[in-house]
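Participant: Below you'll find the structure I mean.
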Amino acid sequence: MAKKLSPPLRRKNFVTFDENDWHGVIYGVQGPYYLVHTPQGETYTCKTLRTTLSENPNSTLAVVGDRVRFRPLEERNDVALHNGIITFVEKRRSVLSRNRERRRNRSGETEHVIASNIDQLVIVTSITDPPFRPKLVDRYLAFAEFERLAALLVLNKVDLDAEHLAPSLLKLYNELGYDTLAISAKTGEGIEQLRSKLIGKTSVLSGHSGVGKTTLINQLTGSSLPTGELSEKTRKGAHTTSNAIMLVVSEPHSGEYGYVIDTPGIREFSLEGIAQEELRHLFVEFRKYAPNCTFSSCTHTTEPDCAVRAAVEHGDISPMRYESYLTLFAEAKKI
Ligand SMILES: Nc1nc2c(ncn2[C@@H]2O[C@H](COP(=O)(O)OP(=O)(O)OP(=O)(O)O)[C@@H](O)[C@H]2O)c(=O)[nH]1
Ligand SMILES: [Zn+2]
């Protein structure tokens, strides 16, 4: 028997969480309003109240990606700016936060969360036009390691790969343990495989300008945005406020779906806050060799008898990856 849901509310004051409140996921933030997507594919524009409960103490109350419980308001007319109240925010599995120093701010948060419950980082690159940028890719991968996020490397524009660069790049990153996929957002090659890797998950999209993210998102979402007009508005809003916005990517036959977060602020995240000392642990292929370095504190840059550098010289570690490491190491802060 279907579980009974809370009846819609007449008045929005003094609402407290009820275990029959409805389930939803926040997919966008517009000023004081949260856009909530339900498992049935409906959307509600909700507000939080002082009485809203949270399982995430000292953190941003509600962010994109949050699993929430809410109560719809009885009247759904065009005059009301919102039609639901969030009564409860569930515990976050993971967070992407902007300020790593976690300084206290005026609202008393100890961290400012941009998005939550993320399963994977999708790094979109192009094989050519613009050229593949290994240092940027390795920066994103180090970030994924730091945040303990799974990473998926997408090589776009395979239709332009006259020099057949894709196979060796895919092999390199695959052997490091990262999931990879070659696609063409233009011809549609690999798009369905990518779609299946997004279903049932929340993914954050990253990649520099011109690699084809917008073309790709258009291919993947088609008309599956929760509500076209509203989402278009929030997308524009996101550019000025850096609020995250999630898009729904669905599988038309099965009705299964996943969420993709595409936000300028997240696209440009950096390794700011990651110290040199931490960076050496974020290049996965170093882990096998590092215990054989003479110094346990070896940074694999200038120390004598460095097993990582020896592995680079023997061709066991990619020189391209090692170059990326040196660049990121030079940028990272000493502690
Ligand atoms: N040949 C080819 N061109 C592509 C492909 N994907 C995208 N493009 C083209 O690449 C250019 C940039 O694509 P966009 O989708 O705007 O790239 P973007 O990553 O969203 O760029 P920003 O909006 O600047 O972040 C456009 O001219 C696209 O038509 C592809 O798979 N093959
Ligand atoms: Zn070393």
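Chain labels A, B, ... are given in the sequence in which chains occur in the structure tokens; within each chain residues are numbered consecutively from 1, and ligands are likewise numbered from 1 in the order shown.
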Could you name the residues that touch range 111-125 of chain A at 7 Å or less, counting only C-alpha atoms, but leaving out those on the same chain fewer than 2 positions away, as a PyMOL selection string?

Facilitator: chain A and resi 59-60+63-66+92-99+102+109+127+132+144+149-156+201-207+211+213+244

Participant: Residues as selected, C-alpha atoms, written as a JSON list (two decimals), in the first residue's frame, can you do that?

Facilitator:
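Okay, this is what ended up in selection.json:
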```json
[["chain", "number", "residue", "atom", "x", "y", "z"],
["A", 59, "SER", "CA", 26.68, 24.40, 7.53],
["A", 60, "THR", "CA", 24.73, 26.12, 4.77],
["A", 63, "VAL", "CA", 22.09, 23.75, -1.24],
["A", 64, "VAL", "CA", 21.82, 22.19, -4.67],
["A", 65, "GLY", "CA", 22.03, 18.42, -4.37],
["A", 66, "ASP", "CA", 20.40, 18.26, -0.94],
["A", 92, "ARG", "CA", 24.90, 15.11, 3.15],
["A", 93, "ARG", "CA", 27.06, 12.28, 1.85],
["A", 94, "SER", "CA", 29.60, 14.72, 0.42],
["A", 95, "VAL", "CA", 29.99, 18.44, -0.13],
["A", 96, "LEU", "CA", 31.77, 20.79, -2.48],
["A", 97, "SER", "CA", 32.59, 23.87, -0.49],
["A", 98, "ARG", "CA", 34.09, 27.07, -1.73],
["A", 99, "ASN", "CA", 36.03, 28.28, 1.25],
["A", 102, "ARG", "CA", 36.26, 27.44, 6.64],
["A", 109, "GLU", "CA", 28.47, 28.76, 8.99],
["A", 127, "ILE", "CA", 41.24, 16.26, -28.32],
["A", 132, "PHE", "CA", 44.10, 18.75, -25.03],
["A", 144, "ALA", "CA", 38.89, 14.76, -7.44],
["A", 149, "LEU", "CA", 35.29, 11.94, -5.83],
["A", 150, "ALA", "CA", 35.24, 9.40, -8.65],
["A", 151, "ALA", "CA", 36.40, 10.98, -11.91],
["A", 152, "LEU", "CA", 35.28, 10.45, -15.49],
["A", 153, "LEU", "CA", 37.48, 11.87, -18.23],
["A", 154, "VAL", "CA", 35.52, 12.70, -21.39],
["A", 155, "LEU", "CA", 37.51, 13.32, -24.57],
["A", 156, "ASN", "CA", 35.25, 15.32, -26.86],
["A", 201, "LYS", "CA", 24.23, 9.67, -10.01],
["A", 202, "THR", "CA", 24.92, 13.32, -9.34],
["A", 203, "SER", "CA", 27.81, 14.53, -11.48],
["A", 204, "VAL", "CA", 29.69, 17.80, -11.55],
["A", 205, "LEU", "CA", 30.77, 18.93, -15.00],
["A", 206, "SER", "CA", 34.09, 20.72, -15.43],
["A", 207, "GLY", "CA", 36.23, 21.75, -18.36],
["A", 211, "VAL", "CA", 35.74, 22.08, -25.24],
["A", 213, "LYS", "CA", 30.25, 21.49, -22.62],
["A", 244, "ALA", "CA", 24.86, 25.83, -8.69]]
```

Participant: Could you pull the residues within 10 Å of range 329-334 of chain A, counting only C-alpha atoms, minus those fewer than 5 positions along the same chain, as a ChimeraX atom specification?

Facilitator: /A:271-280,299-301,323-324

Participant: Distance limit 12 Å, reference ligand 1, atoms considered: only C-alpha atoms and all ligand atoms. Which residues make the cut? Give them as a VMD selection string.

Facilitator: chain A and resid 123 to 131 154 to 162 182 to 191 205 to 219 239 262 to 268

Participant: Can you tell me which residues sit at most 6 Å away from ligand 2, counting only C-alpha atoms and all ligand atoms, written as a list in words?

Facilitator: Ala290, Cys293, Cys298, Thr299, His300, Cys306, Ala307 and Val308 of chain A

Participant: Excluding range 317-322 of chain A and residues on its chain fewer than 5 positions from it, collect all residues at most 8 Å away from it, counting only C-alpha atoms, and give them as a PDB file with N, CA, C and O atoms, in the first residue's frame.

Facilitator:
```pdb
ATOM      1  N   PRO A 134      46.856  18.727 -20.775  1.00  0.00           N
ATOM      2  CA  PRO A 134      47.104  17.735 -19.719  1.00  0.00           C
ATOM      3  C   PRO A 134      47.225  18.350 -18.327  1.00  0.00           C
ATOM      4  O   PRO A 134      46.739  17.769 -17.355  1.00  0.00           O
ATOM      5  N   LYS A 135      47.819  19.534 -18.244  1.00  0.00           N
ATOM      6  CA  LYS A 135      48.018  20.104 -16.904  1.00  0.00           C
ATOM      7  C   LYS A 135      46.690  20.452 -16.246  1.00  0.00           C
ATOM      8  O   LYS A 135      46.521  20.300 -15.039  1.00  0.00           O
ATOM      9  N   ASP A 138      45.036  17.167 -15.194  1.00  0.00           N
ATOM     10  CA  ASP A 138      45.668  16.612 -13.999  1.00  0.00           C
ATOM     11  C   ASP A 138      45.340  17.436 -12.757  1.00  0.00           C
ATOM     12  O   ASP A 138      45.268  16.912 -11.653  1.00  0.00           O
ATOM     13  N   LEU A 172      46.381   5.976 -21.125  1.00  0.00           N
ATOM     14  CA  LEU A 172      47.119   6.552 -19.993  1.00  0.00           C
ATOM     15  C   LEU A 172      46.219   6.717 -18.768  1.00  0.00           C
ATOM     16  O   LEU A 172      46.535   6.255 -17.673  1.00  0.00           O
ATOM     17  N   GLU A 285      49.608   7.406  -9.246  1.00  0.00           N
ATOM     18  CA  GLU A 285      50.671   6.483  -9.674  1.00  0.00           C
ATOM     19  C   GLU A 285      51.941   6.625  -8.847  1.00  0.00           C
ATOM     20  O   GLU A 285      52.817   5.765  -8.894  1.00  0.00           O
ATOM     21  N   PHE A 286      52.055   7.708  -8.051  1.00  0.00           N
ATOM     22  CA  PHE A 286      53.247   7.885  -7.205  1.00  0.00           C
ATOM     23  C   PHE A 286      53.206   6.941  -5.998  1.00  0.00           C
ATOM     24  O   PHE A 286      54.229   6.625  -5.418  1.00  0.00           O
ATOM     25  N   VAL A 308      60.248   7.930  -7.320  1.00  0.00           N
ATOM     26  CA  VAL A 308      59.252   8.423  -8.280  1.00  0.00           C
ATOM     27  C   VAL A 308      59.964   8.952  -9.526  1.00  0.00           C
ATOM     28  O   VAL A 308      59.593   8.627 -10.661  1.00  0.00           O
ATOM     29  N   ALA A 311      61.195   6.188 -11.579  1.00  0.00           N
ATOM     30  CA  ALA A 311      60.108   5.553 -12.348  1.00  0.00           C
ATOM     31  C   ALA A 311      59.768   6.376 -13.593  1.00  0.00           C
ATOM     32  O   ALA A 311      59.423   5.820 -14.641  1.00  0.00           O
ATOM     33  N   VAL A 312      59.887   7.697 -13.485  1.00  0.00           N
ATOM     34  CA  VAL A 312      59.649   8.556 -14.656  1.00  0.00           C
ATOM     35  C   VAL A 312      60.741   8.273 -15.694  1.00  0.00           C
ATOM     36  O   VAL A 312      60.464   8.079 -16.883  1.00  0.00           O
TER      37      VAL A 312
END
```

Participant: Residues at most 9 Å from Val249 in chain A, counting only C-alpha atoms, excluding those fewer than 2 positions away in the same chain, as JSON, numbers by chain?

Facilitator: {"A": [195, 198, 199, 217, 220, 221, 222, 224, 225, 247, 251, 256, 257, 258, 259, 260]}

Participant: Excluding Arg69 in chain A and residues on its chain fewer than 5 positions from it, collect all residues at most 10 Å away from it, counting only C-alpha atoms, and give them as a PyMOL selection string.

Facilitator: chain A and resi 17-25+36+38+52-53+85-90

Participant: Just N, CA and C atoms for this one: save the residues we selected as an mmCIF file, in the first residue's frame.

Facilitator:
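Below is the file that was written, result-v1.cif:
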```
data_model
loop_
_atom_site.group_PDB
_atom_site.id
_atom_site.type_symbol
_atom_site.label_atom_id
_atom_site.label_comp_id
_atom_site.auth_asym_id
_atom_site.auth_seq_id
_atom_site.Cartn_x
_atom_site.Cartn_y
_atom_site.Cartn_z
ATOM 1 N N PHE A 17 8.533 19.474 10.807
ATOM 2 C CA PHE A 17 8.704 18.255 10.023
ATOM 3 C C PHE A 17 7.738 17.163 10.476
ATOM 4 N N ASP A 18 7.169 16.518 9.493
ATOM 5 C CA ASP A 18 6.276 15.393 9.750
ATOM 6 C C ASP A 18 6.817 14.227 8.925
ATOM 7 N N GLU A 19 6.791 13.051 9.482
ATOM 8 C CA GLU A 19 7.451 11.946 8.759
ATOM 9 C C GLU A 19 6.770 11.581 7.442
ATOM 10 N N ASN A 20 5.577 12.116 7.227
ATOM 11 C CA ASN A 20 4.914 11.875 5.939
ATOM 12 C C ASN A 20 5.208 12.963 4.908
ATOM 13 N N ASP A 21 6.114 13.897 5.254
ATOM 14 C CA ASP A 21 6.424 14.961 4.295
ATOM 15 C C ASP A 21 7.051 14.375 3.031
ATOM 16 N N TRP A 22 6.898 15.111 1.942
ATOM 17 C CA TRP A 22 7.263 14.606 0.623
ATOM 18 C C TRP A 22 8.780 14.606 0.430
ATOM 19 N N HIS A 23 9.250 13.731 -0.456
ATOM 20 C CA HIS A 23 10.684 13.648 -0.763
ATOM 21 C C HIS A 23 11.023 14.476 -1.994
ATOM 22 N N GLY A 24 12.210 15.087 -1.992
ATOM 23 C CA GLY A 24 12.648 15.821 -3.172
ATOM 24 C C GLY A 24 14.136 16.108 -3.116
ATOM 25 N N VAL A 25 14.654 16.619 -4.225
ATOM 26 C CA VAL A 25 16.068 16.995 -4.327
ATOM 27 C C VAL A 25 16.130 18.443 -4.796
ATOM 28 N N VAL A 36 12.760 22.342 -6.159
ATOM 29 C CA VAL A 36 12.813 20.960 -5.681
ATOM 30 C C VAL A 36 12.214 20.020 -6.730
ATOM 31 N N THR A 38 10.931 16.217 -7.614
ATOM 32 C CA THR A 38 10.434 15.040 -6.892
ATOM 33 C C THR A 38 10.720 13.763 -7.688
ATOM 34 N N THR A 52 12.786 24.775 9.911
ATOM 35 C CA THR A 52 13.351 23.726 9.051
ATOM 36 C C THR A 52 14.482 23.007 9.785
ATOM 37 N N LEU A 53 14.394 21.702 9.845
ATOM 38 C CA LEU A 53 15.422 20.918 10.534
ATOM 39 C C LEU A 53 16.528 20.534 9.558
ATOM 40 N N ILE A 85 7.142 24.170 1.361
ATOM 41 C CA ILE A 85 8.007 24.524 2.489
ATOM 42 C C ILE A 85 8.932 23.345 2.772
ATOM 43 N N ILE A 86 10.237 23.620 2.790
ATOM 44 C CA ILE A 86 11.188 22.557 3.145
ATOM 45 C C ILE A 86 11.179 22.418 4.665
ATOM 46 N N THR A 87 10.895 21.211 5.129
ATOM 47 C CA THR A 87 10.802 21.005 6.578
ATOM 48 C C THR A 87 12.030 20.302 7.137
ATOM 49 N N PHE A 88 12.791 19.641 6.249
ATOM 50 C CA PHE A 88 13.894 18.806 6.738
ATOM 51 C C PHE A 88 14.957 18.666 5.655
ATOM 52 N N VAL A 89 16.237 18.824 6.037
ATOM 53 C CA VAL A 89 17.345 18.623 5.091
ATOM 54 C C VAL A 89 18.139 17.416 5.574
ATOM 55 N N GLU A 90 18.234 16.403 4.729
ATOM 56 C CA GLU A 90 18.902 15.160 5.136
ATOM 57 C C GLU A 90 20.420 15.313 5.193
#
```

Participant: Please give the complete set of residues from range 70-179 of chain A that DSSP, run on the backbone, assigns to strand (DSSP E), formatted as a count of residues only.

Facilitator: 31

Participant: Write down as a count of residues only the residues of range 103-236 of chain A whose backbone DSSP state falls under alpha helix (DSSP H).

Facilitator: 50

Participant: Distance CA of Leu61 in chain A-CA of Thr48 in chain A, one decimal place?

Facilitator: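 Atom-to-atom, CA of Leu61 in chain A and CA of Thr48 in chain A are spaced 8.6 Å apart.
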
Participant: For Thr45 in chain A, which residue among A:Phe146, A:Tyr140, A:Tyr27, A:Tyr178 is the nearest when counting only C-alpha atoms?

Facilitator: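 Among the listed residues, A:Tyr27 lies closest to Thr45 in chain A.
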